[in-house]
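For reference, start.csv is printed below; it contains CSV, C-alpha atoms and all ligand atoms.
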```
chain,number,residue,atom,x,y,z
Y,296,MET,CA,0.0,0.0,0.0
Y,297,THR,CA,1.4,3.4,-0.9
Y,298,ASP,CA,2.0,6.3,1.5
Y,299,GLN,CA,-0.7,8.2,-0.4
Y,300,ASP,CA,-3.2,5.3,0.2
Y,301,LYS,CA,-2.4,5.3,3.9
Y,302,ILE,CA,-3.0,9.1,4.1
Y,303,ALA,CA,-6.3,8.7,2.1
Y,304,LEU,CA,-7.6,6.1,4.5
Y,305,LEU,CA,-6.8,8.2,7.6
Y,306,SER,CA,-8.3,11.2,5.9
Y,307,ASP,CA,-11.6,9.3,5.2
Y,308,LEU,CA,-11.8,8.1,8.8
Y,309,VAL,CA,-11.3,11.6,10.2
Y,310,ALA,CA,-14.0,12.9,7.8
Y,311,ILE,CA,-16.6,10.5,9.3
Y,312,ASN,CA,-17.6,12.2,12.5
Y,313,THR,CA,-17.8,9.5,15.3
Y,314,VAL,CA,-17.9,11.8,18.3
Y,315,ALA,CA,-19.4,9.4,20.9
Y,316,ASP,CA,-21.9,8.0,18.3
Y,317,HIS,CA,-22.3,6.9,14.7
Y,318,GLU,CA,-19.5,4.3,14.8
Y,319,LYS,CA,-21.5,2.1,12.5
Y,320,LYS,CA,-20.6,4.5,9.6
Y,321,ILE,CA,-17.0,3.8,10.0
Y,322,ALA,CA,-17.6,0.1,10.7
Y,323,VAL,CA,-19.5,-0.1,7.4
Y,324,TYR,CA,-16.9,1.9,5.6
Y,325,LEU,CA,-14.2,-0.5,6.8
Y,326,GLN,CA,-16.3,-3.5,5.9
Y,327,ASP,CA,-16.4,-2.3,2.3
Y,328,TYR,CA,-12.7,-1.6,2.4
Y,329,PHE,CA,-12.0,-5.1,3.6
Y,330,ALA,CA,-14.4,-6.6,1.0
Y,331,GLN,CA,-12.5,-4.9,-1.8
Y,332,HIS,CA,-9.6,-7.0,-0.7
Y,333,GLY,CA,-11.6,-10.1,-0.4
Y,334,ILE,CA,-11.8,-10.1,3.4
Y,335,ASP,CA,-15.1,-11.0,5.1
Y,336,SER,CA,-15.9,-9.1,8.2
Y,337,LYS,CA,-18.8,-8.9,10.6
Y,338,LEU,CA,-20.7,-6.0,12.1
Y,339,VAL,CA,-21.8,-6.5,15.7
Y,340,ASP,CA,-24.4,-4.0,16.6
Y,341,VAL,CA,-24.2,-2.3,19.9
Y,342,ALA,CA,-27.0,0.3,19.7
Y,343,PRO,CA,-28.8,2.2,16.9
Y,344,ASN,CA,-26.0,3.7,14.7
Y,345,ARG,CA,-23.4,2.1,16.8
Y,346,ALA,CA,-21.5,-1.1,15.9
Y,347,ASN,CA,-18.3,-3.0,16.4
Y,348,LEU,CA,-16.4,-4.7,13.5
Y,349,ILE,CA,-14.7,-8.0,13.5
Y,350,ALA,CA,-12.5,-9.7,10.8
Y,351,GLU,CA,-10.2,-12.7,10.9
Y,352,ILE,CA,-7.3,-14.1,8.8
Y,353,GLY,CA,-4.9,-17.0,9.4
Y,354,ASP,CA,-5.0,-20.8,9.3
Y,355,GLY,CA,-6.9,-21.0,12.7
Y,356,LYS,CA,-4.5,-23.7,13.9
Y,357,GLY,CA,-2.5,-21.8,16.5
Y,358,PRO,CA,-2.8,-19.0,19.0
Y,359,VAL,CA,-5.1,-16.0,18.6
Y,360,LEU,CA,-3.6,-12.5,18.3
Y,361,ALA,CA,-5.9,-9.5,18.2
Y,362,PHE,CA,-5.4,-6.0,16.8
Y,363,ALA,CA,-7.9,-3.9,18.8
Y,364,GLY,CA,-8.9,-0.3,18.5
Y,365,HIS,CA,-11.9,1.9,19.0
Y,366,LEU,CA,-14.0,3.8,16.4
Y,367,ASP,CA,-15.3,6.6,18.5
Y,368,THR,CA,-13.6,9.9,19.4
Y,369,VAL,CA,-14.1,12.5,22.1
Y,370,HIS,CA,-15.9,15.8,21.2
Y,371,GLU,CA,-13.8,18.3,19.2
Y,372,GLY,CA,-14.5,21.0,21.8
Y,373,ASP,CA,-14.7,24.7,20.9
Y,374,PHE,CA,-14.3,24.9,17.1
Y,375,ASN,CA,-12.5,28.2,17.4
Y,376,THR,CA,-9.6,26.7,19.4
Y,377,TRP,CA,-8.7,24.6,16.3
Y,378,ASP,CA,-6.4,26.2,13.7
Y,379,THR,CA,-8.0,23.9,11.0
Y,380,ASP,CA,-11.3,22.0,10.5
Y,381,PRO,CA,-11.1,19.1,13.0
Y,382,PHE,CA,-12.9,16.8,10.5
Y,383,THR,CA,-10.7,17.5,7.5
Y,384,LEU,CA,-7.2,15.9,7.7
Y,385,ASN,CA,-4.7,18.7,7.5
Y,386,ILE,CA,-1.1,17.9,6.6
Y,387,GLN,CA,1.8,20.2,7.8
Y,388,ASN,CA,5.2,18.6,7.3
Y,389,ASP,CA,5.3,15.5,9.4
Y,390,LYS,CA,2.1,16.4,11.4
Y,391,LEU,CA,-1.4,15.2,10.4
Y,392,PHE,CA,-4.0,17.2,12.2
Y,393,GLY,CA,-7.7,16.2,12.9
Y,394,ARG,CA,-10.0,15.0,15.6
Y,395,GLY,CA,-9.2,11.4,16.5
Y,396,VAL,CA,-5.9,11.1,14.5
Y,397,THR,CA,-4.1,10.4,17.7
Y,398,ASP,CA,-6.9,8.8,19.7
Y,399,MET,CA,-7.1,6.6,17.8
Y,400,LYS,CA,-8.0,6.7,14.2
Y,401,GLY,CA,-4.2,6.6,13.4
Y,402,GLY,CA,-3.8,3.4,15.3
Y,403,LEU,CA,-7.0,2.0,13.8
Y,404,ALA,CA,-5.9,2.8,10.2
Y,405,ALA,CA,-2.5,1.3,10.9
Y,406,PHE,CA,-4.2,-2.0,12.0
Y,407,VAL,CA,-6.4,-2.0,8.9
Y,408,ILE,CA,-3.5,-1.6,6.5
Y,409,ALA,CA,-1.2,-4.1,8.3
Y,410,PHE,CA,-4.1,-6.6,8.3
Y,411,MET,CA,-4.7,-6.1,4.5
Y,412,GLU,CA,-1.0,-6.3,3.7
Y,413,LEU,CA,-0.7,-9.6,5.5
Y,414,HIS,CA,-3.8,-10.8,3.6
Y,415,ASP,CA,-2.8,-9.5,0.2
Y,416,ARG,CA,0.8,-10.8,0.4
Y,417,HIS,CA,-0.5,-14.3,1.4
Y,418,GLU,CA,1.7,-14.3,4.5
Y,419,PRO,CA,1.4,-17.6,6.2
Y,420,LEU,CA,-0.1,-17.0,9.7
Y,421,HIS,CA,-0.1,-20.0,12.0
Y,422,GLY,CA,-3.2,-19.2,14.1
Y,423,THR,CA,-5.7,-16.4,14.0
Y,424,LEU,CA,-5.2,-12.7,13.6
Y,425,ARG,CA,-8.5,-11.0,14.7
Y,426,PHE,CA,-9.2,-7.4,13.9
Y,427,ILE,CA,-11.4,-5.8,16.5
Y,428,ALA,CA,-12.9,-2.3,16.3
Y,429,THR,CA,-15.2,-1.2,19.1
Y,430,ALA,CA,-17.8,1.4,19.7
Y,431,ASP,CA,-18.1,3.6,22.8
Y,432,GLU,CA,-14.6,3.2,24.2
Y,433,GLU,CA,-14.4,6.8,25.4
Y,434,LYS,CA,-17.6,6.7,27.5
Y,435,ASN,CA,-19.0,3.4,28.8
Y,436,GLU,CA,-17.0,0.7,26.8
Y,437,LEU,CA,-20.4,-0.8,25.6
Y,438,GLY,CA,-18.7,-2.1,22.4
Y,439,ALA,CA,-16.1,-4.1,24.3
Y,440,ASP,CA,-18.6,-5.3,26.8
Y,441,LYS,CA,-20.8,-6.6,24.0
Y,442,LEU,CA,-18.0,-8.5,22.4
Y,443,ALA,CA,-17.0,-10.0,25.8
Y,444,ALA,CA,-20.6,-11.1,26.4
Y,445,GLU,CA,-20.8,-12.7,23.0
Y,446,GLY,CA,-17.5,-14.6,23.5
Y,447,TYR,CA,-15.3,-12.8,21.0
Y,448,LEU,CA,-12.5,-12.1,23.5
Y,449,THR,CA,-12.4,-15.4,25.4
Y,450,ASP,CA,-10.0,-17.3,23.1
Y,451,ILE,CA,-7.5,-14.4,22.6
Y,452,ASP,CA,-4.0,-15.2,23.7
Y,453,ALA,CA,-2.4,-11.8,23.0
Y,454,VAL,CA,-3.7,-8.4,22.1
Y,455,ILE,CA,-2.2,-5.2,20.8
Y,456,ILE,CA,-4.3,-2.1,21.5
Y,457,GLY,CA,-3.4,0.8,19.2
Y,458,GLU,CA,-4.0,3.6,21.6
Y,459,PRO,CA,-1.5,6.5,21.3
Y,460,THR,CA,1.6,5.9,23.4
Y,461,GLY,CA,4.0,8.6,22.0
Y,462,VAL,CA,5.3,11.5,23.9
Y,463,ALA,CA,7.1,14.5,22.4
Y,464,LEU,CA,10.7,14.5,23.7
Y,465,ASN,CA,10.4,17.9,25.2
Y,466,GLU,CA,7.4,16.7,27.3
Y,467,ILE,CA,8.9,13.6,28.8
Y,468,SER,CA,9.8,14.9,32.2
Y,469,GLU,CA,6.4,16.6,32.6
Y,470,TYR,CA,4.6,13.4,31.4
Y,471,PHE,CA,6.0,11.4,34.3
Y,472,THR,CA,5.6,14.1,37.0
Y,473,SER,CA,2.0,14.7,35.9
Y,474,GLY,CA,0.8,11.5,37.6
Y,475,GLY,CA,-0.2,10.2,34.2
Y,476,ALA,CA,2.4,7.5,34.0
Y,477,VAL,CA,4.9,5.5,36.1
Y,478,ILE,CA,8.3,4.5,34.8
Y,479,ASP,CA,11.3,2.8,36.5
Y,480,PRO,CA,13.6,5.8,37.7
Y,481,SER,CA,16.8,4.4,36.1
Y,482,THR,CA,15.0,3.9,32.8
Y,483,LEU,CA,13.8,7.5,33.0
Y,484,LYS,CA,17.3,8.7,33.6
Y,485,LYS,CA,18.6,6.8,30.6
Y,486,LEU,CA,15.8,8.1,28.5
Y,487,GLN,CA,16.4,11.7,29.4
Y,488,GLN,CA,20.1,11.3,28.6
Y,489,ALA,CA,19.4,9.7,25.2
Y,490,ALA,CA,16.8,12.3,24.3
Y,491,VAL,CA,19.4,15.1,24.4
Y,492,THR,CA,21.2,13.8,21.3
Y,493,SER,CA,18.2,12.2,19.6
Y,494,LYS,CA,16.9,13.4,16.2
Y,495,ALA,CA,13.5,11.9,16.9
Y,496,ALA,CA,10.5,14.1,17.7
Y,497,GLU,CA,8.8,11.5,20.0
Y,498,GLN,CA,9.4,8.6,22.2
Y,499,HIS,CA,6.8,5.7,22.0
Y,500,PHE,CA,6.2,3.5,25.0
Y,501,ILE,CA,4.4,0.2,25.6
Y,502,PHE,CA,1.7,0.3,28.3
Y,503,PHE,CA,1.4,-3.1,30.0
Y,504,ALA,CA,-0.7,-1.9,33.0
Y,505,HIS,CA,-3.1,0.8,33.8
Y,506,LYS,CA,-5.2,2.0,36.7
Y,507,GLY,CA,-8.9,1.1,37.1
Y,508,PHE,CA,-11.5,3.7,38.0
Y,509,LEU,CA,-14.4,4.4,40.3
Y,510,ALA,CA,-17.0,7.0,39.2
Y,511,TYR,CA,-19.4,8.2,41.9
Y,512,ASP,CA,-21.5,11.1,43.2
Y,513,VAL,CA,-21.8,12.2,46.8
Y,514,THR,CA,-24.9,14.2,47.5
Y,515,ALA,CA,-25.7,16.4,50.5
Y,516,THR,CA,-29.4,17.0,51.1
Y,517,GLY,CA,-30.3,20.0,53.2
Y,518,LYS,CA,-33.4,22.2,53.8
Y,519,ALA,CA,-34.1,25.4,51.9
Y,520,ALA,CA,-34.8,28.6,53.8
Y,521,HIS,CA,-34.8,32.3,53.1
Y,522,SER,CA,-31.2,33.5,53.3
Y,523,SER,CA,-32.2,36.2,55.8
Y,524,MET,CA,-33.2,33.3,58.2
Y,525,PRO,CA,-30.5,30.8,57.7
Y,526,LYS,CA,-31.1,29.0,61.0
Y,527,LEU,CA,-34.4,27.7,59.6
Y,528,GLY,CA,-32.6,25.9,56.9
Y,529,VAL,CA,-29.9,23.2,56.5
Y,530,ASP,CA,-27.1,24.3,54.3
Y,531,ALA,CA,-26.2,21.5,51.9
Y,532,ILE,CA,-23.2,23.3,50.5
Y,533,ASN,CA,-21.7,23.6,53.9
Y,534,HIS,CA,-22.1,19.9,54.6
Y,535,LEU,CA,-20.7,18.9,51.2
Y,536,VAL,CA,-17.6,21.1,51.8
Y,537,GLN,CA,-17.1,19.3,55.2
Y,538,TYR,CA,-17.4,16.0,53.3
Y,539,TYR,CA,-15.0,17.2,50.6
Y,540,GLN,CA,-12.3,18.0,53.1
Y,541,ALA,CA,-12.8,14.8,55.1
Y,542,GLU,CA,-12.5,12.9,51.9
Y,543,GLN,CA,-9.3,14.6,50.9
Y,544,THR,CA,-7.8,13.6,54.2
Y,545,LEU,CA,-9.0,10.0,53.6
Y,546,TYR,CA,-7.3,10.0,50.2
Y,547,ASP,CA,-4.1,11.7,51.5
Y,548,THR,CA,-3.7,9.0,54.1
Y,549,LEU,CA,-4.5,5.8,52.2
Y,550,PRO,CA,-1.8,3.3,53.1
Y,551,GLU,CA,-2.0,1.3,49.9
Y,552,GLU,CA,0.6,1.8,47.2
Y,553,SER,CA,1.1,-0.3,44.1
Y,554,PRO,CA,4.7,-1.1,43.1
Y,555,ILE,CA,3.5,-0.8,39.5
Y,556,LEU,CA,0.8,1.8,39.5
Y,557,ALA,CA,1.7,4.0,42.5
Y,558,LYS,CA,-1.1,5.5,44.5
Y,559,THR,CA,-4.9,5.8,44.1
Y,560,MET,CA,-5.6,9.1,42.4
Y,561,ARG,CA,-8.6,11.2,43.4
Y,562,GLY,CA,-10.5,13.2,40.8
Y,563,ALA,CA,-13.1,15.5,42.4
Y,564,ASN,CA,-14.1,17.2,39.2
Y,565,ILE,CA,-17.6,18.6,39.4
Y,566,ILE,CA,-19.2,20.3,42.3
Y,567,GLN,CA,-22.7,21.7,42.1
Y,568,GLY,CA,-25.0,23.2,44.7
Y,569,GLY,CA,-27.6,25.7,45.5
Y,570,ALA,CA,-30.3,27.2,43.3
Y,571,GLN,CA,-30.4,30.9,44.0
Y,572,GLN,CA,-28.6,33.7,45.8
Y,573,ASN,CA,-31.2,34.4,48.4
Y,574,SER,CA,-31.9,30.8,49.5
Y,575,VAL,CA,-30.1,28.4,51.8
Y,576,SER,CA,-29.0,25.5,49.5
Y,577,ASP,CA,-31.0,22.3,49.9
Y,578,LEU,CA,-28.9,20.2,47.5
Y,579,ALA,CA,-25.2,19.9,46.7
Y,580,THR,CA,-23.4,17.2,44.7
Y,581,LEU,CA,-19.8,16.2,44.2
Y,582,THR,CA,-19.0,14.1,41.1
Y,583,GLU,CA,-15.7,12.2,41.1
Y,584,LEU,CA,-13.6,9.9,38.9
Y,585,THR,CA,-11.0,8.2,41.1
Y,586,ARG,CA,-8.3,6.1,39.4
Y,587,THR,CA,-7.8,2.9,41.3
Y,588,ILE,CA,-4.9,0.4,42.0
Y,589,PRO,CA,-5.2,-3.4,42.4
Y,590,GLU,CA,-4.1,-3.1,46.1
Y,591,LEU,CA,-7.2,-1.0,46.8
Y,592,PRO,CA,-10.0,-2.1,44.4
Y,593,ALA,CA,-13.2,-0.1,43.9
Y,594,GLN,CA,-15.2,-2.4,46.2
Y,595,THR,CA,-12.9,-1.7,49.2
Y,596,LEU,CA,-12.8,2.0,48.4
Y,597,ILE,CA,-16.6,2.1,48.3
Y,598,GLU,CA,-16.7,0.6,51.7
Y,599,ARG,CA,-14.3,3.2,53.1
Y,600,LEU,CA,-16.3,6.1,51.5
Y,601,GLN,CA,-19.5,4.7,53.0
Y,602,ALA,CA,-17.9,4.4,56.4
Y,603,LEU,CA,-16.7,8.1,56.1
Y,604,ILE,CA,-20.2,9.2,55.2
Y,605,ALA,CA,-21.8,7.2,58.0
Y,606,ASN,CA,-19.4,8.7,60.4
Y,607,LEU,CA,-20.2,12.3,59.3
Y,608,ASN,CA,-24.0,11.7,59.3
Y,609,GLN,CA,-23.7,10.3,62.8
Y,610,GLY,CA,-21.7,13.3,64.1
Y,611,ASP,CA,-24.4,15.8,63.0
Y,612,GLU,CA,-28.0,15.0,62.9
Y,613,THR,CA,-28.8,17.6,60.2
Y,614,MET,CA,-26.1,16.1,57.9
Y,615,ASN,CA,-27.6,14.0,55.2
Y,616,LEU,CA,-24.9,12.7,52.9
Y,617,SER,CA,-25.3,9.8,50.5
Y,618,LEU,CA,-23.1,8.0,48.0
Y,619,HIS,CA,-24.1,6.9,44.5
Y,620,VAL,CA,-21.7,4.7,42.5
Y,621,ASN,CA,-22.0,5.2,38.8
Y,622,ALA,CA,-19.5,2.8,37.4
Y,623,TYR,CA,-16.2,1.1,38.1
Y,624,ASP,CA,-13.7,-1.2,36.5
Y,625,ASP,CA,-10.5,-3.0,37.7
Y,626,ALA,CA,-7.0,-2.0,37.2
Y,627,VAL,CA,-5.1,-3.9,34.5
Y,628,VAL,CA,-1.7,-5.4,35.2
Y,629,THR,CA,-0.2,-7.9,32.8
Y,630,PRO,CA,3.4,-9.3,32.5
Y,631,ARG,CA,5.8,-6.6,31.3
Y,632,ASP,CA,8.2,-9.2,29.8
Y,633,SER,CA,5.6,-11.3,27.9
Y,634,GLN,CA,6.5,-13.0,24.6
Y,635,LEU,CA,4.3,-10.4,22.8
Y,636,ILE,CA,6.1,-7.4,24.3
Y,637,LYS,CA,9.5,-9.0,23.5
Y,638,ILE,CA,8.5,-9.4,19.9
Y,639,VAL,CA,7.3,-5.8,19.7
Y,640,GLN,CA,10.5,-4.5,21.1
Y,641,ASP,CA,12.6,-6.7,18.8
Y,642,ILE,CA,10.8,-5.4,15.7
Y,643,ILE,CA,10.6,-1.7,16.6
Y,644,PRO,CA,14.2,-0.7,15.8
Y,645,ASN,CA,13.7,-1.8,12.2
Y,646,TYR,CA,11.1,0.9,11.7
Y,647,LEU,CA,11.3,3.6,14.4
Y,648,ILE,CA,14.5,5.2,15.7
Y,649,GLU,CA,13.9,6.9,19.0
Y,650,PRO,CA,16.0,7.6,22.1
Y,651,MET,CA,15.0,4.2,23.5
Y,652,VAL,CA,13.2,1.1,22.2
Y,653,ALA,CA,9.7,1.4,23.6
Y,654,PRO,CA,10.2,1.2,27.3
Y,655,THR,CA,7.3,-0.6,29.2
Y,656,ILE,CA,5.4,1.8,31.5
Y,657,ALA,CA,2.2,1.8,33.6
Y,658,VAL,CA,-0.4,4.6,33.0
Y,659,SER,CA,-3.3,6.1,34.8
Y,660,LEU,CA,-5.8,6.3,32.0
Y,661,GLY,CA,-8.3,3.5,31.2
Y,662,THR,CA,-8.6,1.5,27.9
Y,663,ASP,CA,-10.6,-1.4,26.5
Y,664,ALA,CA,-7.8,-3.7,27.9
Y,665,ALA,CA,-9.9,-4.4,31.0
Y,666,ALA,CA,-12.5,-6.3,28.9
Y,667,PHE,CA,-9.7,-8.5,27.4
Y,668,VAL,CA,-8.2,-9.3,30.8
Y,669,HIS,CA,-11.6,-10.1,32.3
Y,670,ALA,CA,-12.2,-12.5,29.3
Y,671,ASN,CA,-8.8,-14.1,29.7
Y,672,PRO,CA,-6.8,-13.3,32.8
Y,673,ASN,CA,-3.6,-14.7,31.2
Y,674,VAL,CA,-3.9,-12.6,28.1
Y,675,GLN,CA,-0.6,-10.9,26.9
Y,676,LEU,CA,-1.1,-7.2,26.4
Y,677,ALA,CA,0.9,-4.5,24.6
Y,678,ILE,CA,-0.7,-1.1,24.2
Y,679,ILE,CA,1.3,0.8,21.6
Y,680,GLY,CA,0.2,3.1,18.8
Y,681,PRO,CA,1.0,6.2,16.8
Y,682,GLY,CA,-0.1,9.4,18.4
Y,683,ASN,CA,0.8,11.4,21.4
Y,684,THR,CA,-0.4,13.6,24.3
Y,685,THR,CA,-2.5,15.8,22.0
Y,686,ALA,CA,-5.4,13.3,22.5
Y,687,HIS,CA,-8.6,15.0,23.6
Y,688,LYS,CA,-7.2,18.4,22.8
Y,689,ALA,CA,-7.6,21.0,20.1
Y,690,ASN,CA,-5.1,20.7,17.2
Y,691,GLU,CA,-4.7,17.0,17.9
Y,692,TYR,CA,-2.1,15.5,15.5
Y,693,VAL,CA,-0.3,12.3,14.7
Y,694,SER,CA,3.3,12.1,13.3
Y,695,GLN,CA,3.1,10.7,9.7
Y,696,GLN,CA,6.3,8.9,10.2
Y,697,ALA,CA,5.1,7.2,13.4
Y,698,TYR,CA,1.8,6.3,11.7
Y,699,PHE,CA,3.6,4.7,8.7
Y,700,ALA,CA,6.1,2.9,11.0
Y,701,MET,CA,3.3,1.5,13.1
Y,702,VAL,CA,1.8,-0.2,10.0
Y,703,ASP,CA,5.1,-2.1,9.5
Y,704,ILE,CA,5.5,-2.8,13.2
Y,705,TYR,CA,2.0,-4.3,13.6
Y,706,ARG,CA,2.4,-6.4,10.4
Y,707,GLU,CA,5.8,-7.8,11.4
Y,708,VAL,CA,4.7,-8.5,15.0
Y,709,ALA,CA,1.7,-10.5,13.7
Y,710,LYS,CA,4.0,-12.5,11.4
Y,711,GLN,CA,6.4,-13.2,14.2
Y,712,TYR,CA,3.8,-14.0,16.8
Y,713,LEU,CA,1.8,-16.3,14.4
Y,714,LYS,CA,4.9,-18.0,13.0
K,801,ZN,ZN,-8.4,6.0,22.9
```

Can you dump the structure from the file as structure tokens?
Amino acid sequence: MTDQDKIALLSDLVAINTVADHEKKIAVYLQDYFAQHGIDSKLVDVAPNRANLIAEIGDGKGPVLAFAGHLDTVHEGDFNTWDTDPFTLNIQNDKLFGRGVTDMKGGLAAFVIAFMELHDRHEPLHGTLRFIATADEEKNELGADKLAAEGYLTDIDAVIIGEPTGVALNEISEYFTSGGAVIDPSTLKKLQQAAVTSKAAEQHFIFFAHKGFLAYDVTATGKAAHSSMPKLGVDAINHLVQYYQAEQTLYDTLPEESPILAKTMRGANIIQGGAQQNSVSDLATLTELTRTIPELPAQTLIERLQALIANLNQGDETMNLSLHVNAYDDAVVTPRDSQLIKIVQDIIPNYLIEPMVAPTIAVSLGTDAAAFVHANPNVQLAIIGPGNTTAHKANEYVSQQAYFAMVDIYREVAKQYLK
């Protein structure tokens, strides 16, 4: 496949708006694309206008390797913060701009091309290579859940997820101090030294582990009163603020720490309360997304939050706090020296010259990997893909060079793993 064809595919994917919906349009587009090369694929509906896509090649007589990616993107945000139209691929030197190019239409396109090249060149694959594209990864992971429920993930021995894992060299220190990722300190030192003389723009990593999450609301219910007679009311905002501070202390003093994923990370991101200036507030709500570690799973954390709430409610008879859990999922920790990761690291230097050969790191963000690990706790995992930390931001871009390199890396890894 020519470089022009690779750009054209990514350009088409960007032009199909899949902001948290309409993934079926891309799934159908890719189904046609595969069909033109004689590859059968299957749509798995998730909801109206939303579908996953599955395709397979190989002799079926060996292990199962999956290429997995998602079809949806996050919202483009304020149009005016973009320098170019987010739904038109814009090329400036090595940078390809557009919503989703990094997260993760670039990785998805690289999987599609690698898959087709293996098929078109009649590469012998001992086993099964399964292409999996999911809907709704960014919100509720409904697509991956559907595939898990229908058994598409159970027999998978190894999976590459093409989420963006690149970091611009001048952002590396900040990346690891941000709390977003955990790296072995001696590896970081080596990397920083090698970055000084490197001609590369980015360093790509392999994620082998990531935090889980717990999404919940805490609500304080009070009693409204005219603000000139506050003693007749119960101030919900005041009670929620007391809770907020007590919860901060709870998080600050958690004894659990993971050798791989570090500490539980609190995200108290939305606070809402009150209805008008001249009334005592009768309702206030805190909405949180906490990032969890295996040493303190969501269930245990929920128990501690409930105990904290019970304690505060007991200490003040007007206090009426309650917890509502919205969703949670486990942290993912897989072997960092698996056969799959070794193969990826062996192949990378042939296509991508960077300060180091894709060091393995653990990150705080979530991916569809949890569904694969639930389906097979022994699954080998390597999250690696083109793209960088511009995910979810305006002027998101992917390096053309990294995108092209990843096509070759994915293809060669599949050949090697399914030898
Ligand atoms: Zn993503």

* **Residue with smallest distance to ligand ZN 801 (chain K) - pool Y:Gly333, Y:Gly475, Y:Gly680, Y:Pro592, counting all atoms listed in the file** =>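 Comparing Y:Gly333, Y:Gly475, Y:Gly680, Y:Pro592 against ligand ZN 801 (chain K), the winner is Y:Gly680.
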
* Quick one: residues within 12 Å of Thr548 (chain Y), all atoms listed in the file counted, chain neighbours fewer than 6 positions away excluded, as an MDAnalysis selection string? -> chainID Y and resid 541:542 558:561

* Got a sec to check which residues lie within 12 Å of ligand ZN 801 (chain K), using only C-alpha atoms and all ligand atoms, and send them as number ranges by chain? -> Y: 315, 363-369, 394-403, 428-434, 436, 456-460, 660-664, 678-687

* Asked: Smallest atom-to-atom distance to Ala350 (chain Y): which of Y:Asp327, Y:Glu612, Y:Glu590, Y:Asp632, using only C-alpha atoms?
  ->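 Residue with the minimum atom-to-atom distance to Ala350 (chain Y): Y:Asp327.
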
* Asked: Which polymer residues have any atom within 8 Å of an atom of Ala657 (chain Y), counting only C-alpha atoms, with same-chain residues fewer than 5 positions away left out, as a VMD selection string?
  -> chain Y and resid 476 to 478 502 to 505 555 to 556

Any chance you could export the current selection's C-alpha atoms as a tab-separated table (two decimals), keeping the file's coordinate frame?
```tsv
chain	number	residue	atom	x	y	z
Y	476	ALA	CA	2.40	7.50	34.00
Y	477	VAL	CA	4.90	5.50	36.10
Y	478	ILE	CA	8.30	4.50	34.80
Y	502	PHE	CA	1.70	0.30	28.30
Y	503	PHE	CA	1.40	-3.10	30.00
Y	504	ALA	CA	-0.70	-1.90	33.00
Y	505	HIS	CA	-3.10	0.80	33.80
Y	555	ILE	CA	3.50	-0.80	39.50
Y	556	LEU	CA	0.80	1.80	39.50
```

* Place a sphere of radius 10 Å on (-10.9, 23.6, 22.4) in the file coordinates and name every protein, DNA or RNA residue with an atom inside or on its surface, counting only C-alpha atoms; give the answer as an NGL selection string. => :Y and (370-377 or 687-690)
